[in-house]
2 protein chains.
Amino acid sequence: MSATMEPNGPRIVTVFRSRLRPESGAEYHETAQRMLELARSMPGFVDFKAFVADDGERVSIVTFASMAAHRAWRDHPDHRAAQRKGRERFYASYDISVSEVVGESHFES
Amino acid sequence: MSATMEPNGPRIVTVFRSRLRPESGAEYHETAQRMLELARSMPGFVDFKAFVADDGERVSIVTFASMAAHRAWRDHPDHRAAQRKGRERFYASYDISVSEVVGESHFES
């Protein structure tokens, strides 16, 4: 079944694409795991998933139920500290986009 | 350097998350490759990238420069035919979200 619909309440999606430095290693994974747990613990959290491309580029897709909830997560002191550490030590580069969902569709065979 | 800014003109992002049926195989990959080429050939195309998660879930992230360009791609007859074939033969399930970018940030170490 396939259905196209307006999203069920607001959805704010962060698409975080990154390339790691070769030396980022275990500390990166430990920090990423803590940040996933932080996101999951926050009001308005909807979904988090991480993927990797053939060429090593990574993407995390993080969804919150309102812009206020998204901002509270973005600005959480532990998250801000992790962002700084990421720029200083983990990431060769990253691109973040924040967007508002305007349509959704689901299919299950 | 890190910079946060309004997007440089409108950006419409499609996040297409899917799980393949075990038997989808070569025909899926051939169709996916043709659909990537179709997207790249269309007016307003910005970016396409595919990623895979540890558990086998896939995501394609496709960006167009306007909602009109996004819709022309979504509704292209070859794309519609591929969507039908996908539901009939390739996908166990999928979730699509279409969203408008409200903020972007880039970092390069």
# chains A, B, ... in the order shown; residues from 1 in each chain; ligands from 1
>>> select_by_dssp(residues="region 14-44 of chain B", states="strand (DSSP E or B)", output="short mmCIF file (atom, residue, chain, number, x, y, z; two decimals) with C-alpha atoms, in the first residue's frame")
data_model
loop_
_atom_site.label_atom_id
_atom_site.label_comp_id
_atom_site.auth_asym_id
_atom_site.auth_seq_id
_atom_site.Cartn_x
_atom_site.Cartn_y
_atom_site.Cartn_z
CA THR B 14 13.77 14.25 -0.98
CA VAL B 15 14.84 11.66 1.58
CA PHE B 16 13.97 8.23 0.20
CA ARG B 17 14.55 5.44 2.74
CA SER B 18 13.95 1.89 1.57
CA ARG B 19 14.42 -1.81 2.25
CA LEU B 20 14.84 -4.07 -0.76
#
>>> interface_residues(of="chain A", to="chain B", cutoff="10 Å", atoms="only C-alpha atoms", output="PyMOL selection string")
chain A and resi 1-7+11-19+21+49-61+87-109
>>> atom_distance(atom1="CA of His79 (chain B)", atom2="CA of Met35 (chain B)")
6.7 Å
>>> calpha_fit_and_write(fixed="chain A", moving="chain B", output="short mmCIF file (atom, residue, chain, number, x, y, z; two decimals) with N, CA and C atoms, in the first residue's frame")
data_model
loop_
_atom_site.label_atom_id
_atom_site.label_comp_id
_atom_site.auth_asym_id
_atom_site.auth_seq_id
_atom_site.Cartn_x
_atom_site.Cartn_y
_atom_site.Cartn_z
N MET B 1 0.79 -1.20 0.04
CA MET B 1 -0.04 0.01 0.01
C MET B 1 0.84 1.24 0.00
N SER B 2 0.48 2.22 -0.77
CA SER B 2 1.23 3.47 -0.82
C SER B 2 0.28 4.62 -0.51
N ALA B 3 0.76 5.60 0.23
CA ALA B 3 -0.09 6.74 0.58
C ALA B 3 0.76 8.00 0.60
N THR B 4 0.26 9.05 0.02
CA THR B 4 0.94 10.35 0.08
C THR B 4 0.08 11.27 0.93
N MET B 5 0.72 12.01 1.82
CA MET B 5 -0.07 12.81 2.76
C MET B 5 0.76 13.97 3.28
N GLU B 6 0.08 14.91 3.85
CA GLU B 6 0.75 15.94 4.64
C GLU B 6 1.37 15.26 5.85
N PRO B 7 2.52 15.76 6.32
CA PRO B 7 3.09 15.14 7.51
C PRO B 7 2.15 15.27 8.70
N ASN B 8 2.26 14.30 9.58
CA ASN B 8 1.41 14.18 10.75
C ASN B 8 1.94 15.09 11.85
N GLY B 9 1.68 16.40 11.72
CA GLY B 9 2.32 17.39 12.60
C GLY B 9 3.64 17.82 12.02
N PRO B 10 4.22 18.91 12.51
CA PRO B 10 5.48 19.40 11.94
C PRO B 10 6.60 18.38 12.09
N ARG B 11 7.50 18.38 11.12
CA ARG B 11 8.68 17.53 11.16
C ARG B 11 9.86 18.38 10.70
N ILE B 12 10.90 18.47 11.55
CA ILE B 12 12.12 19.19 11.19
C ILE B 12 13.22 18.15 11.02
N VAL B 13 13.78 18.10 9.82
CA VAL B 13 14.77 17.07 9.48
C VAL B 13 16.15 17.70 9.33
N THR B 14 17.12 17.17 10.07
CA THR B 14 18.51 17.56 9.91
C THR B 14 19.23 16.48 9.11
N VAL B 15 19.84 16.88 8.01
CA VAL B 15 20.66 15.96 7.22
C VAL B 15 22.11 16.40 7.42
N PHE B 16 22.86 15.55 8.09
CA PHE B 16 24.24 15.87 8.49
C PHE B 16 25.18 14.95 7.73
N ARG B 17 25.77 15.47 6.66
CA ARG B 17 26.71 14.69 5.83
C ARG B 17 28.13 15.04 6.22
N SER B 18 28.98 14.03 6.39
CA SER B 18 30.33 14.31 6.88
C SER B 18 31.36 13.34 6.31
N ARG B 19 32.60 13.79 6.33
CA ARG B 19 33.76 12.93 6.04
C ARG B 19 34.69 13.03 7.24
N LEU B 20 35.06 11.87 7.76
CA LEU B 20 35.92 11.83 8.94
C LEU B 20 37.39 11.99 8.56
N ARG B 21 38.18 12.54 9.49
CA ARG B 21 39.63 12.47 9.34
C ARG B 21 40.07 11.03 9.61
N PRO B 22 41.16 10.59 8.99
CA PRO B 22 41.58 9.20 9.16
C PRO B 22 41.82 8.84 10.63
N GLU B 23 42.24 9.80 11.44
CA GLU B 23 42.62 9.52 12.82
C GLU B 23 41.46 9.66 13.81
N SER B 24 40.23 9.86 13.34
CA SER B 24 39.14 10.18 14.27
C SER B 24 38.82 9.00 15.22
N GLY B 25 38.78 7.78 14.71
CA GLY B 25 38.77 6.55 15.50
C GLY B 25 37.73 6.40 16.60
N ALA B 26 38.17 5.76 17.67
CA ALA B 26 37.27 5.33 18.75
C ALA B 26 36.59 6.51 19.44
N GLU B 27 37.32 7.61 19.61
CA GLU B 27 36.74 8.76 20.32
C GLU B 27 35.54 9.31 19.53
N TYR B 28 35.65 9.31 18.21
CA TYR B 28 34.51 9.74 17.39
C TYR B 28 33.30 8.85 17.66
N HIS B 29 33.50 7.53 17.64
CA HIS B 29 32.37 6.61 17.79
C HIS B 29 31.74 6.74 19.17
N GLU B 30 32.57 6.95 20.17
CA GLU B 30 32.05 7.11 21.54
C GLU B 30 31.21 8.40 21.62
N THR B 31 31.72 9.48 21.02
CA THR B 31 30.99 10.75 21.05
C THR B 31 29.69 10.64 20.26
N ALA B 32 29.76 10.01 19.08
CA ALA B 32 28.55 9.86 18.26
C ALA B 32 27.48 9.07 19.01
N GLN B 33 27.90 8.02 19.72
CA GLN B 33 26.95 7.21 20.48
C GLN B 33 26.30 8.04 21.59
N ARG B 34 27.11 8.84 22.30
CA ARG B 34 26.54 9.70 23.35
C ARG B 34 25.57 10.72 22.77
N MET B 35 25.89 11.26 21.57
CA MET B 35 25.02 12.26 20.97
C MET B 35 23.71 11.63 20.48
N LEU B 36 23.78 10.38 20.04
CA LEU B 36 22.54 9.67 19.69
C LEU B 36 21.66 9.49 20.93
N GLU B 37 22.28 9.11 22.05
CA GLU B 37 21.51 8.94 23.28
C GLU B 37 20.93 10.27 23.75
N LEU B 38 21.71 11.35 23.61
CA LEU B 38 21.19 12.67 23.98
C LEU B 38 19.96 13.02 23.13
N ALA B 39 20.08 12.86 21.81
CA ALA B 39 18.96 13.18 20.92
C ALA B 39 17.70 12.39 21.32
N ARG B 40 17.89 11.09 21.55
CA ARG B 40 16.75 10.22 21.90
C ARG B 40 16.08 10.64 23.20
N SER B 41 16.86 11.26 24.10
CA SER B 41 16.32 11.64 25.41
C SER B 41 15.57 12.97 25.36
N MET B 42 15.63 13.69 24.24
CA MET B 42 15.11 15.06 24.23
C MET B 42 13.64 15.13 23.82
N PRO B 43 12.90 16.10 24.37
CA PRO B 43 11.49 16.27 23.99
C PRO B 43 11.37 16.49 22.49
N GLY B 44 10.36 15.86 21.90
CA GLY B 44 10.10 16.08 20.47
C GLY B 44 10.95 15.24 19.55
N PHE B 45 11.82 14.38 20.12
CA PHE B 45 12.62 13.50 19.26
C PHE B 45 11.72 12.54 18.48
N VAL B 46 11.98 12.39 17.19
CA VAL B 46 11.19 11.47 16.36
C VAL B 46 12.03 10.30 15.85
N ASP B 47 13.20 10.59 15.30
CA ASP B 47 13.96 9.53 14.64
C ASP B 47 15.41 9.93 14.43
N PHE B 48 16.29 8.92 14.45
CA PHE B 48 17.71 9.12 14.15
C PHE B 48 18.19 7.89 13.39
N LYS B 49 18.93 8.10 12.30
CA LYS B 49 19.53 6.96 11.61
C LYS B 49 20.80 7.40 10.91
N ALA B 50 21.80 6.53 10.94
CA ALA B 50 23.10 6.81 10.30
C ALA B 50 23.33 5.84 9.15
N PHE B 51 23.91 6.35 8.07
CA PHE B 51 24.18 5.59 6.85
C PHE B 51 25.58 5.96 6.35
N VAL B 52 26.15 5.08 5.53
CA VAL B 52 27.47 5.34 4.95
C VAL B 52 27.41 5.08 3.44
N ALA B 53 28.07 5.93 2.66
CA ALA B 53 28.12 5.76 1.20
C ALA B 53 29.34 4.93 0.81
N ASP B 54 29.34 4.45 -0.43
CA ASP B 54 30.46 3.65 -0.96
C ASP B 54 31.80 4.36 -0.82
N ASP B 55 31.79 5.67 -0.95
CA ASP B 55 33.05 6.44 -0.92
C ASP B 55 33.42 6.89 0.49
N GLY B 56 32.71 6.38 1.51
CA GLY B 56 33.06 6.70 2.89
C GLY B 56 32.33 7.89 3.47
N GLU B 57 31.62 8.66 2.63
CA GLU B 57 30.83 9.76 3.19
C GLU B 57 29.75 9.19 4.10
N ARG B 58 29.49 9.86 5.22
CA ARG B 58 28.49 9.43 6.18
C ARG B 58 27.32 10.40 6.15
N VAL B 59 26.13 9.90 6.51
CA VAL B 59 25.01 10.81 6.73
C VAL B 59 24.23 10.35 7.96
N SER B 60 23.90 11.32 8.81
CA SER B 60 22.95 11.08 9.89
C SER B 60 21.71 11.89 9.58
N ILE B 61 20.56 11.26 9.74
CA ILE B 61 19.28 11.92 9.48
C ILE B 61 18.53 11.95 10.81
N VAL B 62 18.26 13.15 11.30
CA VAL B 62 17.70 13.33 12.64
C VAL B 62 16.41 14.14 12.52
N THR B 63 15.32 13.63 13.08
CA THR B 63 14.02 14.28 12.94
C THR B 63 13.47 14.67 14.30
N PHE B 64 12.99 15.91 14.39
CA PHE B 64 12.29 16.40 15.58
C PHE B 64 10.89 16.88 15.19
N ALA B 65 10.03 16.96 16.20
CA ALA B 65 8.60 17.25 15.96
C ALA B 65 8.28 18.73 15.94
N SER B 66 9.27 19.60 16.15
CA SER B 66 9.04 21.04 16.04
C SER B 66 10.37 21.74 15.91
N MET B 67 10.34 22.98 15.42
CA MET B 67 11.58 23.75 15.32
C MET B 67 12.13 24.05 16.71
N ALA B 68 11.24 24.25 17.70
CA ALA B 68 11.71 24.52 19.07
C ALA B 68 12.46 23.30 19.61
N ALA B 69 11.94 22.10 19.37
CA ALA B 69 12.60 20.88 19.83
C ALA B 69 13.94 20.70 19.11
N HIS B 70 13.95 20.97 17.80
CA HIS B 70 15.21 20.90 17.04
C HIS B 70 16.26 21.83 17.64
N ARG B 71 15.84 23.07 17.94
CA ARG B 71 16.81 24.06 18.44
C ARG B 71 17.32 23.70 19.83
N ALA B 72 16.43 23.15 20.67
CA ALA B 72 16.85 22.75 22.02
C ALA B 72 17.93 21.67 21.93
N TRP B 73 17.77 20.75 20.97
CA TRP B 73 18.78 19.71 20.74
C TRP B 73 20.07 20.32 20.16
N ARG B 74 19.92 21.16 19.15
CA ARG B 74 21.10 21.79 18.52
C ARG B 74 21.92 22.55 19.54
N ASP B 75 21.24 23.24 20.46
CA ASP B 75 21.92 24.15 21.39
C ASP B 75 22.21 23.52 22.74
N HIS B 76 21.88 22.25 22.93
CA HIS B 76 22.17 21.60 24.22
C HIS B 76 23.68 21.71 24.51
N PRO B 77 24.06 22.08 25.74
CA PRO B 77 25.50 22.28 26.04
C PRO B 77 26.37 21.07 25.70
N ASP B 78 25.92 19.86 25.97
CA ASP B 78 26.71 18.66 25.64
C ASP B 78 26.87 18.52 24.12
N HIS B 79 25.81 18.89 23.39
CA HIS B 79 25.86 18.81 21.93
C HIS B 79 26.79 19.89 21.38
N ARG B 80 26.72 21.09 21.94
CA ARG B 80 27.63 22.16 21.51
C ARG B 80 29.08 21.77 21.73
N ALA B 81 29.36 21.14 22.88
CA ALA B 81 30.73 20.71 23.17
C ALA B 81 31.18 19.65 22.16
N ALA B 82 30.27 18.74 21.81
CA ALA B 82 30.60 17.69 20.83
C ALA B 82 30.81 18.30 19.44
N GLN B 83 30.03 19.32 19.11
CA GLN B 83 30.20 19.99 17.81
C GLN B 83 31.59 20.63 17.71
N ARG B 84 32.01 21.28 18.82
CA ARG B 84 33.34 21.89 18.83
C ARG B 84 34.43 20.83 18.67
N LYS B 85 34.30 19.75 19.43
CA LYS B 85 35.28 18.67 19.35
C LYS B 85 35.30 18.08 17.95
N GLY B 86 34.12 17.96 17.34
CA GLY B 86 34.03 17.43 15.98
C GLY B 86 34.81 18.28 14.99
N ARG B 87 34.68 19.60 15.11
CA ARG B 87 35.41 20.49 14.19
C ARG B 87 36.91 20.44 14.45
N GLU B 88 37.27 20.31 15.72
CA GLU B 88 38.71 20.31 16.07
C GLU B 88 39.39 18.99 15.74
N ARG B 89 38.63 17.85 15.88
CA ARG B 89 39.34 16.56 15.86
C ARG B 89 38.76 15.51 14.93
N PHE B 90 37.45 15.53 14.64
CA PHE B 90 36.86 14.39 13.94
C PHE B 90 36.66 14.60 12.43
N TYR B 91 36.14 15.76 12.06
CA TYR B 91 35.64 15.92 10.70
C TYR B 91 36.65 16.57 9.76
N ALA B 92 36.84 15.97 8.60
CA ALA B 92 37.54 16.63 7.51
C ALA B 92 36.64 17.71 6.91
N SER B 93 35.35 17.39 6.81
CA SER B 93 34.37 18.35 6.29
C SER B 93 32.98 17.88 6.67
N TYR B 94 32.04 18.81 6.69
CA TYR B 94 30.64 18.40 6.83
C TYR B 94 29.71 19.41 6.17
N ASP B 95 28.51 18.96 5.86
CA ASP B 95 27.44 19.81 5.35
C ASP B 95 26.17 19.46 6.10
N ILE B 96 25.54 20.46 6.68
CA ILE B 96 24.30 20.26 7.42
C ILE B 96 23.19 21.02 6.72
N SER B 97 22.06 20.37 6.52
CA SER B 97 20.87 21.12 6.11
C SER B 97 19.75 20.82 7.10
N VAL B 98 19.00 21.85 7.40
CA VAL B 98 17.82 21.72 8.27
C VAL B 98 16.63 22.08 7.41
N SER B 99 15.62 21.20 7.41
CA SER B 99 14.49 21.46 6.53
C SER B 99 13.17 21.07 7.18
N GLU B 100 12.10 21.66 6.65
CA GLU B 100 10.74 21.40 7.13
C GLU B 100 10.05 20.47 6.15
N VAL B 101 9.51 19.39 6.67
CA VAL B 101 8.84 18.41 5.81
C VAL B 101 7.52 18.98 5.30
N VAL B 102 7.32 18.86 3.99
CA VAL B 102 6.07 19.34 3.39
C VAL B 102 5.23 18.19 2.82
N GLY B 103 5.81 17.01 2.72
CA GLY B 103 5.05 15.86 2.24
C GLY B 103 5.73 14.56 2.62
N GLU B 104 4.94 13.53 2.87
CA GLU B 104 5.49 12.22 3.24
C GLU B 104 4.71 11.14 2.53
N SER B 105 5.38 10.01 2.33
CA SER B 105 4.72 8.89 1.66
C SER B 105 5.33 7.60 2.21
N HIS B 106 4.50 6.60 2.41
CA HIS B 106 4.95 5.32 2.97
C HIS B 106 4.43 4.17 2.13
N PHE B 107 5.29 3.16 1.94
CA PHE B 107 4.88 1.97 1.20
C PHE B 107 5.34 0.73 1.96
N GLU B 108 4.46 -0.22 1.99
CA GLU B 108 4.77 -1.52 2.63
C GLU B 108 4.24 -2.58 1.68
N SER B 109 5.09 -3.52 1.27
CA SER B 109 4.62 -4.50 0.27
C SER B 109 3.80 -5.60 0.93
#
>>> select_by_dssp(residues="chain A", states="alpha helix (DSSP H)", output="PDB file with N, CA, C and O atoms, in the first residue's frame")
ATOM      1  N   GLY A  25      38.749   7.786  14.710  1.00  0.00           N
ATOM      2  CA  GLY A  25      38.734   6.547  15.505  1.00  0.00           C
ATOM      3  C   GLY A  25      37.707   6.402  16.603  1.00  0.00           C
ATOM      4  O   GLY A  25      36.564   6.837  16.495  1.00  0.00           O
ATOM      5  N   ALA A  26      38.147   5.756  17.685  1.00  0.00           N
ATOM      6  CA  ALA A  26      37.249   5.326  18.747  1.00  0.00           C
ATOM      7  C   ALA A  26      36.578   6.506  19.452  1.00  0.00           C
ATOM      8  O   ALA A  26      35.412   6.416  19.848  1.00  0.00           O
ATOM      9  N   GLU A  27      37.299   7.615  19.604  1.00  0.00           N
ATOM     10  CA  GLU A  27      36.717   8.755  20.314  1.00  0.00           C
ATOM     11  C   GLU A  27      35.527   9.315  19.542  1.00  0.00           C
ATOM     12  O   GLU A  27      34.535   9.741  20.130  1.00  0.00           O
ATOM     13  N   TYR A  28      35.638   9.308  18.210  1.00  0.00           N
ATOM     14  CA  TYR A  28      34.499   9.738  17.402  1.00  0.00           C
ATOM     15  C   TYR A  28      33.287   8.855  17.669  1.00  0.00           C
ATOM     16  O   TYR A  28      32.184   9.354  17.899  1.00  0.00           O
ATOM     17  N   HIS A  29      33.489   7.532  17.628  1.00  0.00           N
ATOM     18  CA  HIS A  29      32.355   6.615  17.778  1.00  0.00           C
ATOM     19  C   HIS A  29      31.715   6.744  19.155  1.00  0.00           C
ATOM     20  O   HIS A  29      30.492   6.696  19.284  1.00  0.00           O
ATOM     21  N   GLU A  30      32.558   6.949  20.156  1.00  0.00           N
ATOM     22  CA  GLU A  30      32.038   7.104  21.527  1.00  0.00           C
ATOM     23  C   GLU A  30      31.205   8.392  21.621  1.00  0.00           C
ATOM     24  O   GLU A  30      30.109   8.404  22.197  1.00  0.00           O
ATOM     25  N   THR A  31      31.710   9.472  21.023  1.00  0.00           N
ATOM     26  CA  THR A  31      30.978  10.743  21.057  1.00  0.00           C
ATOM     27  C   THR A  31      29.675  10.635  20.264  1.00  0.00           C
ATOM     28  O   THR A  31      28.622  11.100  20.706  1.00  0.00           O
ATOM     29  N   ALA A  32      29.740  10.008  19.077  1.00  0.00           N
ATOM     30  CA  ALA A  32      28.542   9.854  18.247  1.00  0.00           C
ATOM     31  C   ALA A  32      27.469   9.069  19.001  1.00  0.00           C
ATOM     32  O   ALA A  32      26.277   9.407  18.956  1.00  0.00           O
ATOM     33  N   GLN A  33      27.899   8.020  19.709  1.00  0.00           N
ATOM     34  CA  GLN A  33      26.943   7.211  20.474  1.00  0.00           C
ATOM     35  C   GLN A  33      26.294   8.042  21.588  1.00  0.00           C
ATOM     36  O   GLN A  33      25.070   7.982  21.781  1.00  0.00           O
ATOM     37  N   ARG A  34      27.101   8.835  22.283  1.00  0.00           N
ATOM     38  CA  ARG A  34      26.542   9.698  23.342  1.00  0.00           C
ATOM     39  C   ARG A  34      25.570  10.710  22.759  1.00  0.00           C
ATOM     40  O   ARG A  34      24.542  11.031  23.359  1.00  0.00           O
ATOM     41  N   MET A  35      25.884  11.259  21.583  1.00  0.00           N
ATOM     42  CA  MET A  35      25.005  12.266  20.970  1.00  0.00           C
ATOM     43  C   MET A  35      23.693  11.643  20.489  1.00  0.00           C
ATOM     44  O   MET A  35      22.643  12.280  20.553  1.00  0.00           O
ATOM     45  N   LEU A  36      23.769  10.385  20.032  1.00  0.00           N
ATOM     46  CA  LEU A  36      22.537   9.678  19.677  1.00  0.00           C
ATOM     47  C   LEU A  36      21.661   9.505  20.919  1.00  0.00           C
ATOM     48  O   LEU A  36      20.450   9.750  20.881  1.00  0.00           O
ATOM     49  N   GLU A  37      22.283   9.122  22.037  1.00  0.00           N
ATOM     50  CA  GLU A  37      21.511   8.942  23.281  1.00  0.00           C
ATOM     51  C   GLU A  37      20.924  10.274  23.749  1.00  0.00           C
ATOM     52  O   GLU A  37      19.780  10.322  24.215  1.00  0.00           O
ATOM     53  N   LEU A  38      21.704  11.348  23.597  1.00  0.00           N
ATOM     54  CA  LEU A  38      21.178  12.677  23.965  1.00  0.00           C
ATOM     55  C   LEU A  38      19.958  13.020  23.117  1.00  0.00           C
ATOM     56  O   LEU A  38      18.913  13.428  23.656  1.00  0.00           O
ATOM     57  N   ALA A  39      20.074  12.859  21.796  1.00  0.00           N
ATOM     58  CA  ALA A  39      18.952  13.184  20.911  1.00  0.00           C
ATOM     59  C   ALA A  39      17.712  12.398  21.322  1.00  0.00           C
ATOM     60  O   ALA A  39      16.613  12.953  21.454  1.00  0.00           O
ATOM     61  N   ARG A  40      17.894  11.095  21.546  1.00  0.00           N
ATOM     62  CA  ARG A  40      16.752  10.232  21.903  1.00  0.00           C
ATOM     63  C   ARG A  40      16.082  10.650  23.196  1.00  0.00           C
ATOM     64  O   ARG A  40      14.898  10.385  23.401  1.00  0.00           O
ATOM     65  N   SER A  41      16.862  11.271  24.089  1.00  0.00           N
ATOM     66  CA  SER A  41      16.316  11.654  25.399  1.00  0.00           C
ATOM     67  C   SER A  41      15.575  12.983  25.351  1.00  0.00           C
ATOM     68  O   SER A  41      14.970  13.385  26.342  1.00  0.00           O
ATOM     69  N   MET A  67      10.352  22.979  15.434  1.00  0.00           N
ATOM     70  CA  MET A  67      11.585  23.746  15.339  1.00  0.00           C
ATOM     71  C   MET A  67      12.138  24.045  16.732  1.00  0.00           C
ATOM     72  O   MET A  67      13.361  24.055  16.929  1.00  0.00           O
ATOM     73  N   ALA A  68      11.255  24.261  17.705  1.00  0.00           N
ATOM     74  CA  ALA A  68      11.722  24.521  19.070  1.00  0.00           C
ATOM     75  C   ALA A  68      12.472  23.309  19.617  1.00  0.00           C
ATOM     76  O   ALA A  68      13.534  23.448  20.252  1.00  0.00           O
ATOM     77  N   ALA A  69      11.944  22.111  19.366  1.00  0.00           N
ATOM     78  CA  ALA A  69      12.606  20.891  19.836  1.00  0.00           C
ATOM     79  C   ALA A  69      13.948  20.707  19.118  1.00  0.00           C
ATOM     80  O   ALA A  69      14.956  20.344  19.737  1.00  0.00           O
ATOM     81  N   HIS A  70      13.956  20.962  17.804  1.00  0.00           N
ATOM     82  CA  HIS A  70      15.210  20.885  17.043  1.00  0.00           C
ATOM     83  C   HIS A  70      16.258  21.816  17.635  1.00  0.00           C
ATOM     84  O   HIS A  70      17.409  21.431  17.837  1.00  0.00           O
ATOM     85  N   ARG A  71      15.846  23.065  17.942  1.00  0.00           N
ATOM     86  CA  ARG A  71      16.817  24.060  18.448  1.00  0.00           C
ATOM     87  C   ARG A  71      17.324  23.707  19.829  1.00  0.00           C
ATOM     88  O   ARG A  71      18.501  23.938  20.144  1.00  0.00           O
ATOM     89  N   ALA A  72      16.432  23.142  20.659  1.00  0.00           N
ATOM     90  CA  ALA A  72      16.862  22.747  22.010  1.00  0.00           C
ATOM     91  C   ALA A  72      17.933  21.666  21.922  1.00  0.00           C
ATOM     92  O   ALA A  72      18.898  21.659  22.701  1.00  0.00           O
ATOM     93  N   TRP A  73      17.779  20.756  20.967  1.00  0.00           N
ATOM     94  CA  TRP A  73      18.792  19.708  20.732  1.00  0.00           C
ATOM     95  C   TRP A  73      20.075  20.323  20.164  1.00  0.00           C
ATOM     96  O   TRP A  73      21.172  20.067  20.663  1.00  0.00           O
ATOM     97  N   ARG A  74      19.922  21.160  19.146  1.00  0.00           N
ATOM     98  CA  ARG A  74      21.095  21.786  18.515  1.00  0.00           C
ATOM     99  C   ARG A  74      21.920  22.558  19.535  1.00  0.00           C
ATOM    100  O   ARG A  74      23.151  22.523  19.505  1.00  0.00           O
ATOM    101  N   PRO A  77      24.085  22.081  25.745  1.00  0.00           N
ATOM    102  CA  PRO A  77      25.510  22.284  26.043  1.00  0.00           C
ATOM    103  C   PRO A  77      26.393  21.078  25.695  1.00  0.00           C
ATOM    104  O   PRO A  77      27.501  21.247  25.161  1.00  0.00           O
ATOM    105  N   ASP A  78      25.921  19.850  25.962  1.00  0.00           N
ATOM    106  CA  ASP A  78      26.718  18.664  25.624  1.00  0.00           C
ATOM    107  C   ASP A  78      26.880  18.518  24.111  1.00  0.00           C
ATOM    108  O   ASP A  78      27.922  18.071  23.618  1.00  0.00           O
ATOM    109  N   HIS A  79      25.816  18.901  23.388  1.00  0.00           N
ATOM    110  CA  HIS A  79      25.868  18.811  21.937  1.00  0.00           C
ATOM    111  C   HIS A  79      26.797  19.884  21.378  1.00  0.00           C
ATOM    112  O   HIS A  79      27.594  19.630  20.470  1.00  0.00           O
ATOM    113  N   ARG A  80      26.721  21.084  21.951  1.00  0.00           N
ATOM    114  CA  ARG A  80      27.631  22.164  21.514  1.00  0.00           C
ATOM    115  C   ARG A  80      29.084  21.776  21.742  1.00  0.00           C
ATOM    116  O   ARG A  80      29.947  22.035  20.891  1.00  0.00           O
ATOM    117  N   ALA A  81      29.366  21.144  22.883  1.00  0.00           N
ATOM    118  CA  ALA A  81      30.743  20.708  23.168  1.00  0.00           C
ATOM    119  C   ALA A  81      31.185  19.649  22.148  1.00  0.00           C
ATOM    120  O   ALA A  81      32.328  19.674  21.660  1.00  0.00           O
ATOM    121  N   ALA A  82      30.271  18.728  21.805  1.00  0.00           N
ATOM    122  CA  ALA A  82      30.597  17.683  20.822  1.00  0.00           C
ATOM    123  C   ALA A  82      30.817  18.296  19.438  1.00  0.00           C
ATOM    124  O   ALA A  82      31.689  17.853  18.685  1.00  0.00           O
ATOM    125  N   GLN A  83      30.026  19.308  19.107  1.00  0.00           N
ATOM    126  CA  GLN A  83      30.198  19.981  17.806  1.00  0.00           C
ATOM    127  C   GLN A  83      31.590  20.615  17.708  1.00  0.00           C
ATOM    128  O   GLN A  83      32.262  20.515  16.676  1.00  0.00           O
ATOM    129  N   ARG A  84      32.005  21.264  18.801  1.00  0.00           N
ATOM    130  CA  ARG A  84      33.345  21.890  18.810  1.00  0.00           C
ATOM    131  C   ARG A  84      34.432  20.828  18.658  1.00  0.00           C
ATOM    132  O   ARG A  84      35.359  20.986  17.865  1.00  0.00           O
ATOM    133  N   LYS A  85      34.307  19.745  19.430  1.00  0.00           N
ATOM    134  CA  LYS A  85      35.280  18.656  19.349  1.00  0.00           C
ATOM    135  C   LYS A  85      35.292  18.067  17.942  1.00  0.00           C
ATOM    136  O   LYS A  85      36.359  17.734  17.408  1.00  0.00           O
TER     137      LYS A  85
END
